[in-house]
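The data block below is start35.txt; it holds compact mmCIF, C-alpha atoms and all ligand atoms.
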# COMPACT_ATOMS: atom_id res chain seq x y z
CA MET A 327 -8.81 -17.92 -41.72
CA THR A 328 -10.82 -14.81 -40.95
CA PRO A 329 -8.71 -11.83 -42.08
CA PRO A 330 -7.58 -9.69 -39.19
CA VAL A 331 -9.01 -6.24 -38.75
CA ALA A 332 -5.92 -4.10 -39.06
CA THR A 333 -4.91 -1.89 -36.20
CA ALA A 334 -4.31 1.63 -37.44
CA PRO A 335 -1.11 3.31 -36.28
CA GLY A 336 -1.87 5.26 -33.13
CA ALA A 337 -5.17 3.54 -32.49
CA ALA A 338 -3.83 0.87 -30.16
CA ARG A 339 -2.38 3.57 -27.95
CA ALA A 340 -5.62 5.04 -26.70
CA ALA A 341 -7.38 1.69 -26.37
CA SER A 342 -4.45 0.27 -24.45
CA ARG A 343 -4.70 2.89 -21.78
CA GLU A 344 -8.43 2.60 -21.37
CA THR A 345 -8.66 -1.11 -20.66
CA ALA A 346 -5.36 -2.13 -19.14
CA ALA A 347 -5.74 -5.05 -16.76
CA GLY A 348 -3.85 -8.06 -15.47
CA PRO A 349 -0.25 -8.69 -14.58
CA LEU A 350 1.18 -6.20 -17.01
CA ALA A 351 -1.25 -3.42 -16.23
CA SER A 352 0.44 -0.26 -15.10
CA THR A 353 -0.86 1.66 -12.14
CA ALA A 354 0.10 4.93 -13.76
CA ALA A 355 -1.03 5.91 -17.25
CA PRO A 356 1.80 5.08 -19.65
CA THR A 357 3.38 7.90 -21.53
CA GLY A 358 4.67 7.76 -25.08
CA PRO A 359 3.61 5.46 -27.88
CA THR A 360 2.61 1.87 -27.25
CA LEU A 361 4.84 -0.93 -28.45
CA ALA A 362 2.08 -2.02 -30.84
CA ASP A 363 2.08 1.42 -32.46
CA ARG A 364 5.86 1.51 -32.63
CA LEU A 365 5.89 -1.90 -34.31
CA VAL A 366 3.27 -0.91 -36.88
CA ASP A 367 5.26 2.23 -37.69
CA ALA A 368 8.56 0.34 -37.87
CA LEU A 369 7.10 -2.35 -40.14
CA ALA A 370 6.14 0.38 -42.60
CA ASP A 371 9.85 1.14 -43.11
CA SER A 372 10.80 -0.99 -46.09
CA THR A 373 14.48 -1.06 -45.12
CA GLY A 374 13.70 -2.67 -41.78
CA ALA A 375 16.14 -0.30 -40.08
CA ALA A 376 13.46 1.13 -37.80
CA LEU A 377 12.81 -2.34 -36.36
CA ASP A 378 16.26 -2.42 -34.76
CA ALA A 379 15.12 0.30 -32.37
CA LEU A 380 12.63 -2.19 -30.88
CA ALA A 381 15.39 -4.39 -29.46
CA GLY A 382 14.62 -4.79 -25.77
CA ALA A 383 11.41 -2.73 -26.01
CA ALA A 384 8.61 -3.70 -23.62
CA PRO A 385 4.83 -3.38 -23.93
CA VAL A 386 3.18 -0.74 -21.76
CA ASP A 387 0.56 -3.18 -20.49
CA ARG A 388 -1.17 -6.50 -21.08
CA ARG A 389 -3.31 -5.12 -23.89
CA ASP A 390 -0.28 -3.65 -25.63
CA ARG A 391 1.43 -7.03 -25.39
CA VAL A 392 -1.35 -8.92 -27.11
CA LEU A 393 -1.86 -6.24 -29.78
CA THR A 394 1.87 -6.31 -30.53
CA LEU A 395 1.84 -10.09 -30.75
CA MET A 396 -1.16 -10.09 -33.06
CA THR A 397 0.67 -7.76 -35.42
CA VAL A 398 3.62 -10.15 -35.39
CA HIS A 399 1.36 -13.18 -35.90
CA ASP A 400 -0.24 -11.41 -38.87
CA LEU A 401 3.16 -11.54 -40.58
CA HIS A 402 2.99 -15.34 -40.30
CA THR A 403 -0.65 -16.14 -41.02
CA ALA A 404 -2.73 -13.19 -42.30
CA PRO A 405 -3.59 -12.86 -46.00
CA LEU A 406 -0.78 -11.19 -47.94
CA ASP A 407 -2.99 -8.38 -49.19
CA VAL A 408 -3.78 -7.48 -45.59
CA VAL A 409 -0.16 -7.56 -44.39
CA GLY A 410 1.27 -5.89 -47.48
CA ALA A 411 5.00 -5.26 -47.84
CA ALA A 412 5.49 -5.62 -44.07
CA VAL A 413 5.50 -9.39 -44.62
CA LEU A 414 9.10 -9.03 -45.84
CA HIS A 415 10.03 -8.45 -42.19
CA GLN A 416 8.44 -11.71 -40.97
CA HIS A 417 11.78 -13.13 -39.87
CA HIS A 418 13.64 -9.89 -39.16
CA PRO A 419 15.80 -10.53 -36.07
CA ALA A 420 14.17 -7.66 -34.16
CA VAL A 421 10.68 -9.03 -34.90
CA ALA A 422 11.77 -12.54 -33.93
CA GLY A 423 13.28 -11.21 -30.71
CA LEU A 424 10.16 -9.26 -29.86
CA LYS A 425 7.97 -12.29 -30.56
CA ARG A 426 10.05 -14.56 -28.42
CA ARG A 427 10.17 -12.07 -25.55
CA LEU A 428 6.47 -11.26 -25.47
CA GLU A 429 5.33 -14.83 -26.02
CA GLY A 430 7.78 -15.89 -23.33
CA SER A 431 6.23 -13.59 -20.74
CA TRP A 432 2.69 -14.69 -21.68
CA LEU A 433 3.66 -18.37 -21.61
CA ALA A 434 5.31 -17.89 -18.20
CA GLU A 435 1.98 -16.60 -16.83
CA LEU A 436 0.06 -19.47 -18.44
CA ASP A 437 2.62 -21.97 -17.11
CA ALA A 438 2.29 -20.60 -13.58
CA ALA A 439 -1.51 -20.80 -13.72
CA TRP A 440 -1.33 -24.34 -15.10
CA ALA A 441 1.18 -25.42 -12.44
CA ALA A 442 -1.19 -24.13 -9.76
CA GLN A 443 -3.75 -26.64 -11.01
CA ASP A 444 -1.58 -29.51 -9.78
CA ARG A 445 -3.16 -31.77 -12.38
CA TYR A 446 -0.04 -33.78 -13.07
CA ASP A 447 1.84 -33.51 -9.83
CA ASP A 448 2.64 -37.25 -9.86
CA GLU A 449 5.37 -38.56 -12.12
CA TRP A 450 3.74 -38.86 -15.56
CA SER A 451 6.06 -41.72 -16.54
CA ASP A 452 4.44 -43.75 -13.72
CA GLU A 453 0.96 -43.26 -15.21
CA PRO A 454 -0.37 -46.81 -15.79
CA ASP A 455 -2.68 -45.90 -18.69
CA PRO A 456 -1.68 -42.55 -20.26
CA VAL A 457 -4.23 -42.80 -23.08
CA ALA A 458 -7.19 -43.39 -20.74
CA ARG A 459 -6.00 -40.62 -18.41
CA VAL A 460 -5.69 -38.05 -21.21
CA VAL A 461 -9.10 -38.96 -22.68
CA ARG A 462 -10.66 -38.73 -19.22
CA ASP A 463 -9.02 -35.38 -18.52
CA MET A 464 -9.97 -33.92 -21.91
CA ARG A 465 -13.59 -35.03 -21.49
CA SER A 466 -13.71 -33.65 -17.98
CA LEU A 467 -12.25 -30.30 -19.09
CA ALA A 468 -14.74 -30.11 -21.94
CA ALA A 469 -17.67 -30.89 -19.66
CA THR A 470 -16.69 -28.20 -17.17
CA ASP A 471 -18.20 -24.91 -18.26
CA ARG A 472 -19.45 -26.45 -21.50
CA LEU A 473 -22.41 -24.07 -21.26
CA PRO A 474 -21.08 -20.79 -19.84
CA ASP A 475 -23.48 -18.21 -18.43
CA ALA A 476 -22.90 -16.01 -21.46
CA TYR A 477 -24.52 -18.58 -23.77
CA ARG A 478 -27.44 -19.23 -21.41
CA TRP A 479 -27.94 -15.46 -21.31
CA LEU A 480 -27.92 -15.36 -25.10
CA ALA A 481 -30.49 -18.16 -25.34
CA ARG A 482 -32.86 -16.84 -22.67
CA THR A 483 -32.42 -13.13 -22.03
CA ALA A 484 -30.27 -11.12 -24.43
CA GLY A 485 -31.95 -8.66 -26.77
CA TRP A 486 -31.29 -8.65 -30.51
CA ASP A 487 -28.64 -5.94 -30.37
CA GLU A 488 -26.86 -7.73 -27.52
CA LEU A 489 -26.92 -11.01 -29.45
CA VAL A 490 -25.44 -9.38 -32.56
CA ALA A 491 -22.80 -7.57 -30.49
CA PHE A 492 -21.81 -10.80 -28.71
CA LEU A 493 -21.54 -12.78 -31.93
CA ALA A 494 -19.47 -9.98 -33.48
CA LEU A 495 -16.92 -10.43 -30.70
CA GLU A 496 -17.20 -14.23 -30.61
CA GLY A 497 -16.33 -14.59 -34.30
CA GLY A 498 -17.99 -18.01 -34.51
CA PRO A 499 -17.03 -21.08 -32.52
CA ASP A 500 -13.99 -21.69 -34.67
CA GLY A 501 -12.93 -18.41 -36.28
CA GLY A 502 -9.80 -19.09 -38.31
CA PHE A 503 -10.04 -22.79 -37.52
CA ASP A 504 -9.36 -23.95 -41.07
CA ASP A 505 -5.88 -22.43 -41.20
CA LEU A 506 -5.17 -23.48 -37.61
CA VAL A 507 -6.05 -27.11 -38.26
CA ALA A 508 -3.96 -27.03 -41.46
CA LEU A 509 -0.95 -25.73 -39.52
CA CYS A 510 -1.55 -28.16 -36.67
CA GLN A 511 -1.28 -31.24 -38.89
CA VAL A 512 2.24 -30.43 -40.12
CA GLY A 513 4.52 -33.31 -39.16
CA LEU A 514 1.75 -35.56 -37.84
CA SER A 515 1.16 -38.94 -39.42
CA GLY A 516 -1.24 -41.88 -39.56
CA SER A 517 -4.67 -41.62 -38.03
CA ALA A 518 -4.07 -38.17 -36.49
CA LYS A 519 -3.08 -36.67 -39.84
CA LEU A 520 -6.07 -38.29 -41.51
CA GLU A 521 -8.46 -36.97 -38.87
CA LEU A 522 -7.15 -33.42 -39.07
CA GLY A 523 -7.36 -33.64 -42.87
CA LYS A 524 -10.97 -34.80 -42.64
CA ASN A 525 -11.77 -32.02 -40.19
CA TYR A 526 -10.20 -29.50 -42.58
CA TRP A 527 -12.25 -30.89 -45.45
CA ASP A 528 -15.43 -30.38 -43.43
CA GLU A 529 -14.30 -26.77 -42.85
CA MET A 530 -14.05 -26.56 -46.66
CA GLY A 531 -17.67 -27.66 -46.99
CA CYS A 532 -16.46 -31.04 -48.30
CA GLY A 533 -15.52 -29.33 -51.54
CA ASP A 534 -18.68 -27.23 -51.92
CA LEU A 535 -17.70 -23.53 -51.99
CA ASP A 536 -21.18 -22.60 -50.83
CA ALA A 537 -20.80 -24.72 -47.69
CA VAL A 538 -17.30 -23.58 -46.67
CA HIS A 539 -17.60 -22.52 -43.02
CA THR A 540 -16.08 -19.09 -43.66
CA THR A 541 -18.71 -18.56 -46.37
CA LEU A 542 -21.48 -19.60 -43.98
CA HIS A 543 -20.09 -17.20 -41.37
CA GLN A 544 -20.00 -14.33 -43.86
CA ARG A 545 -23.62 -15.03 -44.87
CA MET A 546 -24.71 -15.15 -41.24
CA ALA A 547 -22.91 -11.87 -40.56
CA ALA A 548 -24.61 -10.17 -43.50
CA ALA A 549 -28.03 -11.57 -42.55
CA ILE A 550 -27.94 -10.16 -39.02
CA GLY A 551 -26.06 -6.96 -39.86
CA MET A 552 -23.10 -7.99 -37.75
CA PRO A 553 -20.45 -5.28 -37.52
CA GLU A 554 -16.73 -5.98 -37.85
CA VAL A 555 -15.17 -5.01 -34.54
CA ARG A 556 -11.71 -3.46 -34.81
CA ARG A 557 -9.05 -4.88 -32.54
CA GLU A 558 -8.74 -1.62 -30.65
CA ASP A 559 -12.44 -1.88 -29.75
CA GLN A 560 -12.29 -5.43 -28.42
CA PRO A 561 -11.75 -6.37 -24.78
CA VAL A 562 -8.27 -7.67 -24.03
CA GLU A 563 -9.76 -11.07 -23.21
CA ALA A 564 -11.17 -11.31 -26.74
CA LEU A 565 -7.77 -10.42 -28.19
CA GLU A 566 -5.97 -13.05 -26.11
CA ARG A 567 -8.51 -15.70 -27.13
CA ILE A 568 -7.66 -14.97 -30.77
CA ALA A 569 -3.92 -14.52 -30.20
CA VAL A 570 -3.51 -17.91 -28.57
CA GLY A 571 -4.18 -19.39 -32.02
CA GLY A 572 -1.25 -17.41 -33.42
CA LEU A 573 0.90 -18.33 -30.45
CA LEU A 574 0.30 -22.05 -30.96
CA ALA A 575 0.40 -21.96 -34.76
CA THR A 576 3.71 -20.13 -35.05
CA ASN A 577 5.68 -22.18 -32.52
CA ARG A 578 6.28 -25.77 -33.69
CA TRP A 579 7.34 -26.80 -30.21
CA LEU A 580 3.81 -26.05 -28.96
CA GLN A 581 2.20 -28.63 -31.30
CA PRO A 582 1.00 -30.88 -28.44
CA GLU A 583 -0.70 -27.90 -26.75
CA MET A 584 -2.26 -26.96 -30.10
CA VAL A 585 -3.70 -30.46 -30.58
CA GLY A 586 -5.32 -30.11 -27.15
CA ALA A 587 -6.56 -26.56 -27.65
CA LEU A 588 -8.21 -27.28 -31.01
CA GLY A 589 -9.67 -30.53 -29.70
CA LEU A 590 -11.26 -28.77 -26.76
CA LEU A 591 -12.80 -26.23 -29.09
CA GLU A 592 -14.46 -29.04 -31.03
CA LEU A 593 -15.62 -30.76 -27.87
CA GLN A 594 -17.34 -27.64 -26.53
CA ALA A 595 -18.68 -25.87 -29.62
CA GLY A 596 -21.76 -27.99 -30.38
CA PRO A 597 -23.86 -27.24 -27.27
CA ARG A 598 -22.88 -23.56 -27.36
CA CYS A 599 -23.98 -23.28 -30.97
CA ARG A 600 -27.29 -24.90 -30.06
CA LEU A 601 -27.87 -22.07 -27.57
CA VAL A 602 -27.14 -19.49 -30.25
CA VAL A 603 -29.72 -21.23 -32.45
CA GLN A 604 -32.20 -21.00 -29.56
CA ALA A 605 -31.49 -17.27 -29.35
CA PHE A 606 -32.13 -16.98 -33.10
CA ASP A 607 -35.46 -18.79 -32.64
CA ARG A 608 -36.48 -16.64 -29.68
CA LEU A 609 -35.58 -13.38 -31.40
CA GLY A 610 -36.81 -14.25 -34.91
CA ALA A 611 -33.50 -14.24 -36.77
CA PRO A 612 -33.57 -14.32 -40.59
CA GLU A 613 -33.25 -17.70 -42.30
CA ALA A 614 -29.75 -17.01 -43.63
CA ALA A 615 -28.42 -16.58 -40.08
CA TYR A 616 -28.99 -20.25 -39.23
CA PRO A 617 -26.75 -22.49 -41.39
CA PHE A 618 -23.43 -21.48 -39.76
CA TYR A 619 -24.52 -22.22 -36.19
CA VAL A 620 -26.75 -25.20 -37.12
CA GLU A 621 -23.83 -26.75 -39.01
CA HIS A 622 -21.55 -26.44 -35.96
CA ALA A 623 -24.26 -27.54 -33.51
CA ASP A 624 -24.64 -30.76 -35.54
CA LEU A 625 -21.09 -31.39 -36.70
CA ASP A 626 -18.83 -30.33 -33.84
CA PRO A 627 -19.91 -33.05 -31.38
CA VAL A 628 -18.79 -35.53 -34.05
CA HIS A 629 -15.59 -33.55 -34.65
CA GLY A 630 -14.89 -33.45 -30.92
CA LYS A 631 -15.34 -37.21 -30.49
CA ASP A 632 -13.29 -38.00 -33.61
CA TRP A 633 -10.51 -35.56 -32.59
CA LEU A 634 -10.21 -37.43 -29.31
CA ASP A 635 -10.57 -40.98 -30.65
CA LYS A 636 -8.66 -40.65 -33.92
CA ALA A 637 -6.08 -37.96 -33.22
CA VAL A 638 -5.41 -37.65 -29.46
CA VAL A 639 -5.62 -41.37 -28.65
CA PRO A 640 -3.16 -42.56 -31.33
CA ILE A 641 -0.79 -39.67 -30.63
CA VAL A 642 -0.65 -40.39 -26.90
CA ALA A 643 -0.43 -44.14 -27.52
CA GLU A 644 2.66 -43.51 -29.61
CA GLN A 645 4.13 -40.61 -27.63
CA PRO A 646 2.82 -40.71 -24.06
CA HIS A 647 4.89 -37.65 -23.10
CA TRP A 648 2.58 -35.52 -25.27
CA GLY A 649 -0.32 -36.39 -22.94
CA PRO A 650 -0.04 -33.74 -20.20
CA ARG A 651 0.83 -31.08 -22.78
CA ILE A 652 -2.26 -31.89 -24.86
CA VAL A 653 -4.41 -31.49 -21.73
CA LYS A 654 -2.53 -28.31 -20.84
CA GLY A 655 -3.35 -26.84 -24.27
CA ALA A 656 -7.01 -27.70 -23.77
CA TRP A 657 -6.96 -26.10 -20.32
CA ILE A 658 -5.34 -22.91 -21.64
CA ARG A 659 -7.96 -22.62 -24.36
CA SER A 660 -10.78 -23.22 -21.86
CA GLN A 661 -9.45 -20.53 -19.50
CA LEU A 662 -9.08 -17.95 -22.27
CA ASN A 663 -12.57 -18.82 -23.50
CA LEU A 664 -14.11 -18.34 -20.08
CA ALA A 665 -12.31 -15.04 -19.52
CA PHE A 666 -13.60 -13.85 -22.90
CA PHE A 667 -17.20 -14.94 -22.27
CA ASP A 668 -17.23 -13.12 -18.93
CA ALA A 669 -15.69 -9.97 -20.39
CA ALA A 670 -18.03 -9.91 -23.38
CA ARG A 671 -21.10 -10.40 -21.25
CA ARG A 672 -19.92 -7.76 -18.78
CA GLU A 673 -19.36 -5.26 -21.57
CA LEU A 674 -22.69 -5.98 -23.20
CA VAL A 675 -24.89 -6.18 -20.14
CA ARG A 676 -23.43 -3.21 -18.31
CA PRO A 677 -24.62 -0.52 -20.74
CA ALA A 678 -28.14 -1.99 -20.88
CA SER A 679 -28.55 -2.22 -17.10
CA ALA A 680 -27.02 1.23 -16.61
CA ALA A 681 -29.48 2.80 -19.06
FE FE A 701 -16.17 -24.67 -38.66
FE FE A 702 -15.64 -28.51 -36.14
Before anything else, please render the file you have as structure tokens.
Ligand SMILES: [Fe+2]
Ligand SMILES: [Fe+2]
Amino acid sequence: MTPPVATAPGAARAASRETAAGPLASTAAPTGPTLADRLVDALADSTGAALDALAGAAPVDRRDRVLTLMTVHDLHTAPLDVVGAAVLHQHHPAVAGLKRRLEGSWLAELDAAWAAQDRYDDEWSDEPDPVARVVRDMRSLAATDRLPDAYRWLARTAGWDELVAFLALEGGPDGGFDDLVALCQVGLSGSAKLELGKNYWDEMGCGDLDAVHTTLHQRMAAAIGMPEVRREDQPVEALERIAVGGLLATNRWLQPEMVGALGLLELQAGPRCRLVVQAFDRLGAPEAAYPFYVEHADLDPVHGKDWLDKAVVPIVAEQPHWGPRIVKGAWIRSQLNLAFFDAARRELVRPASAA
């Protein structure tokens, strides 16, 4: 998994106030430290006593919520040398309470948006062919917005600096996917477990260290001089797109949604990566930039089809009640993706056109 870029104490505060948006955005500028800053400070206290003061604490806005959650998710999934001694507080009651509260409010918003879709307003138990319905719905979701404007813009219009800046925010089609797929397979069995294991092995370059996807991404980043963008400098939509991985991976009860979210990613990544390759061609990218996106352009359509046929189909055949939740997870991922693409393009195009 790509190591997180740590948020320095105090840094989230300023960024939070600049880009607040959405349901939690305050109309007035918040005063005092953000919850994310308070959590980072409290985690630095080895006794854990400072964490008790966070009981009942609320984020100042939507951005503060996601930054706080990402710090909590780091305790569960980030490399130990990044998290440091704070990892001892992974299951501290105050941290667990904070996680549950903030994830609960985010999930309530996602649930309301999903319910407004009315996709499964009929009784699911009356569905005559749950497997066919889920496959149809997943394919239809994947086909909708498979090629967002942001990727067409990359392929046809963006300048080199804009391309590099976009890819720095995008983090690859499947940033952190290896750890996510490993966590997603826990407790699965049969064909689904085998398929997720095969997918993971492909992430590992089929045993060739040189072909591990994270290695390819690092080489691409070095070849194009891609900067590492700190969390406090990323749009809130980019943060939520990353944080949904932590949300799904650290809540076992959301495993059906995770199967759907990761499957959708595989179903949509190939054509998007092809457009990045077109942008590389148009702008004369160095040779070492290509393998990461070429690999995903070629492999992910196969991964997407196999995820559906060999993981989703047998799971729904065995447990039909997982069906709507798998589609819901795919829908959530698609919505967060689209919000991110729009935000990234807005941020990148605005300065150029204003100049
Ligand atoms: Fe990958
Ligand atoms: Fe893949």
query: Skipping near chain neighbours, those fewer than 2 positions away, what residues fall within 12 Å of Lys519 (chain A) using only C-alpha atoms, listed as a list in words?
result: Val507, Ala508, Leu509, Cys510, Gln511, Val512, Gly513, Leu514, Ser515, Gly516, Ser517, Glu521, Leu522, Gly523, Lys524, Asn525, Tyr526, Val585, Trp633, Lys636, Ala637, Val638, Pro640 and Ile641 of chain A
Go through chain A residue by residue and, counting only C-alpha atoms and all ligand atoms, keep those with an atom at most 10 Å from ligand FE 702 (chain A); for each kept residue give the shortest atom pair and its distance in Å to one decimal, ordered by chain and increasing number, as a Markdown table.
| residue | atom | partner | partner_atom | distance |
| --- | --- | --- | --- | --- |
| A:Pro499 | CA | A:FE702 | FE | 8.4 |
| A:Asp500 | CA | A:FE702 | FE | 7.2 |
| A:Phe503 | CA | A:FE702 | FE | 8.1 |
| A:Asp504 | CA | A:FE702 | FE | 9.2 |
| A:Val507 | CA | A:FE702 | FE | 9.9 |
| A:Asn525 | CA | A:FE702 | FE | 6.6 |
| A:Tyr526 | CA | A:FE702 | FE | 8.5 |
| A:Asp528 | CA | A:FE702 | FE | 7.5 |
| A:Glu529 | CA | A:FE702 | FE | 7.1 |
| A:His539 | CA | A:FE702 | FE | 9.3 |
| A:Leu588 | CA | A:FE702 | FE | 9.1 |
| A:Gly589 | CA | A:FE702 | FE | 9.0 |
| A:Leu591 | CA | A:FE702 | FE | 7.9 |
| A:Glu592 | CA | A:FE702 | FE | 5.3 |
| A:Leu593 | CA | A:FE702 | FE | 8.6 |
| A:Gln594 | CA | A:FE702 | FE | 9.8 |
| A:Ala595 | CA | A:FE702 | FE | 7.7 |
| A:Gly596 | CA | A:FE702 | FE | 8.4 |
| A:Glu621 | CA | A:FE702 | FE | 8.9 |
| A:His622 | CA | A:FE702 | FE | 6.3 |
| A:Ala623 | CA | A:FE702 | FE | 9.1 |
| A:Asp624 | CA | A:FE702 | FE | 9.3 |
| A:Leu625 | CA | A:FE702 | FE | 6.2 |
| A:Asp626 | CA | A:FE702 | FE | 4.3 |
| A:Pro627 | CA | A:FE702 | FE | 7.8 |
| A:Val628 | CA | A:FE702 | FE | 8.0 |
| A:His629 | CA | A:FE702 | FE | 5.3 |
| A:Gly630 | CA | A:FE702 | FE | 7.2 |
| A:Trp633 | CA | A:FE702 | FE | 9.4 |
query: What is the CA of Gln661 (chain A)-CA of Glu435 (chain A) distance in Å, reported with one decimal?
result: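 Result for CA of Gln661 (chain A) versus CA of Glu435 (chain A): 12.4 Å, one decimal.
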message: Please list as a PyMOL selection string every residue within 9 Å of Ala611 (chain A), counting all atoms listed in the file and excluding residues in the same chain fewer than 5 positions away.
response: chain A and resi 486+549-550+605-606+616
May I have the residues from that selection written out with C-alpha atoms, as a PDB file, in the frame of the given file?
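Below you can see result.pdb, which holds the result:
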ATOM      1  CA  TRP A 486     -31.290  -8.650 -30.510  1.00  0.00           C
ATOM      2  CA  ALA A 549     -28.030 -11.570 -42.550  1.00  0.00           C
ATOM      3  CA  ILE A 550     -27.940 -10.160 -39.020  1.00  0.00           C
ATOM      4  CA  ALA A 605     -31.490 -17.270 -29.350  1.00  0.00           C
ATOM      5  CA  PHE A 606     -32.130 -16.980 -33.100  1.00  0.00           C
ATOM      6  CA  TYR A 616     -28.990 -20.250 -39.230  1.00  0.00           C
TER       7      TYR A 616
END
Given only C-alpha atoms and all ligand atoms as the counted atoms, nearest of A:Glu554, A:Leu601, A:Gly497, A:Leu574 to ligand FE 701 (chain A):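 Checking each candidate against ligand FE 701 (chain A), we get A:Gly497 as the closest.
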query: A:Leu535, A:Leu480, A:Leu473, A:Val460: which is nearest Asp635 (chain A), counting only C-alpha atoms?
result: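 Closest to Asp635 (chain A) of all the choices is A:Val460.
Taking CA of Ala476 (chain A) as the reference point, CA of Tyr619 (chain A) is found at 16.1 Å.
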statement: CA of Val555 (chain A) to CA of Val602 (chain A) measures 19.3 Å
Taking only C-alpha atoms into account, produce a table as CSV in which each residue of region 369-394 of chain A with an atom at most 12 Å from an atom of region 405-410 of chain A appears once, together with its shortest atom pair and the distance in Å to one decimal, ordered by chain and rising number.
residue,atom,partner,partner_atom,distance
A:Leu369,CA,A:Val409,CA,9.9
A:Ala370,CA,A:Gly410,CA,9.3
A:Asp371,CA,A:Gly410,CA,11.9
A:Ser372,CA,A:Gly410,CA,10.8
message: List as a ChimeraX atom specification the protein and nucleic acid residues near Ala587 (chain A), meaning an atom at most 7 Å away when all atoms listed in the file are counted, but skip any in the same chain fewer than 3 places from it.
response: /A:583-584,590-591,655-656,659
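Using all atoms listed in the file, the shortest contact distance between Pro646 (chain A) and any of A:Pro582, A:His415, A:Asp487, A:Ala469 is found at A:Pro582.
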- prompt: With distances taken over only C-alpha atoms and all ligand atoms, which of A:Cys532, A:Leu674, A:Ala481, A:Leu428 is nearest to ligand FE 701 (chain A)?
  reply: A:Cys532
message: Calculated over all atoms listed in the file, which of the candidates A:Gly430, A:Gly501, A:Pro650, A:Gly531 has the smallest distance to Asp444 (chain A)?
response: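 Checking each candidate against Asp444 (chain A), we get A:Pro650 as the closest.
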message: Just want the 12 Å neighbourhood of Asp455 (chain A), counted on all atoms listed in the file, with same-chain residues fewer than 2 positions away dropped. Output as a list in words.
response: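 Here the qualifying residues turn out to be Trp450, Ser451, Asp452, Glu453, Val457, Ala458, Arg459, Val460, Val461, Arg462, Val639, Val642, Ala643, Pro646 and Gly649 of chain A.
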Nearest residue to ligand FE 701 (chain A) from the set A:Val538, A:Leu377, A:Val562, A:Ala383 (distances using only C-alpha atoms and all ligand atoms):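 Between A:Val538, A:Leu377, A:Val562, A:Ala383, the residue approaching ligand FE 701 (chain A) most closely is A:Val538.
If you count only C-alpha atoms and ignore residues fewer than 3 places along the chain from Phe492 (chain A), what sits within 8 Å of it is Glu488, Leu489, Leu495, Glu496, Ala670, Arg671 and Leu674 of chain A.
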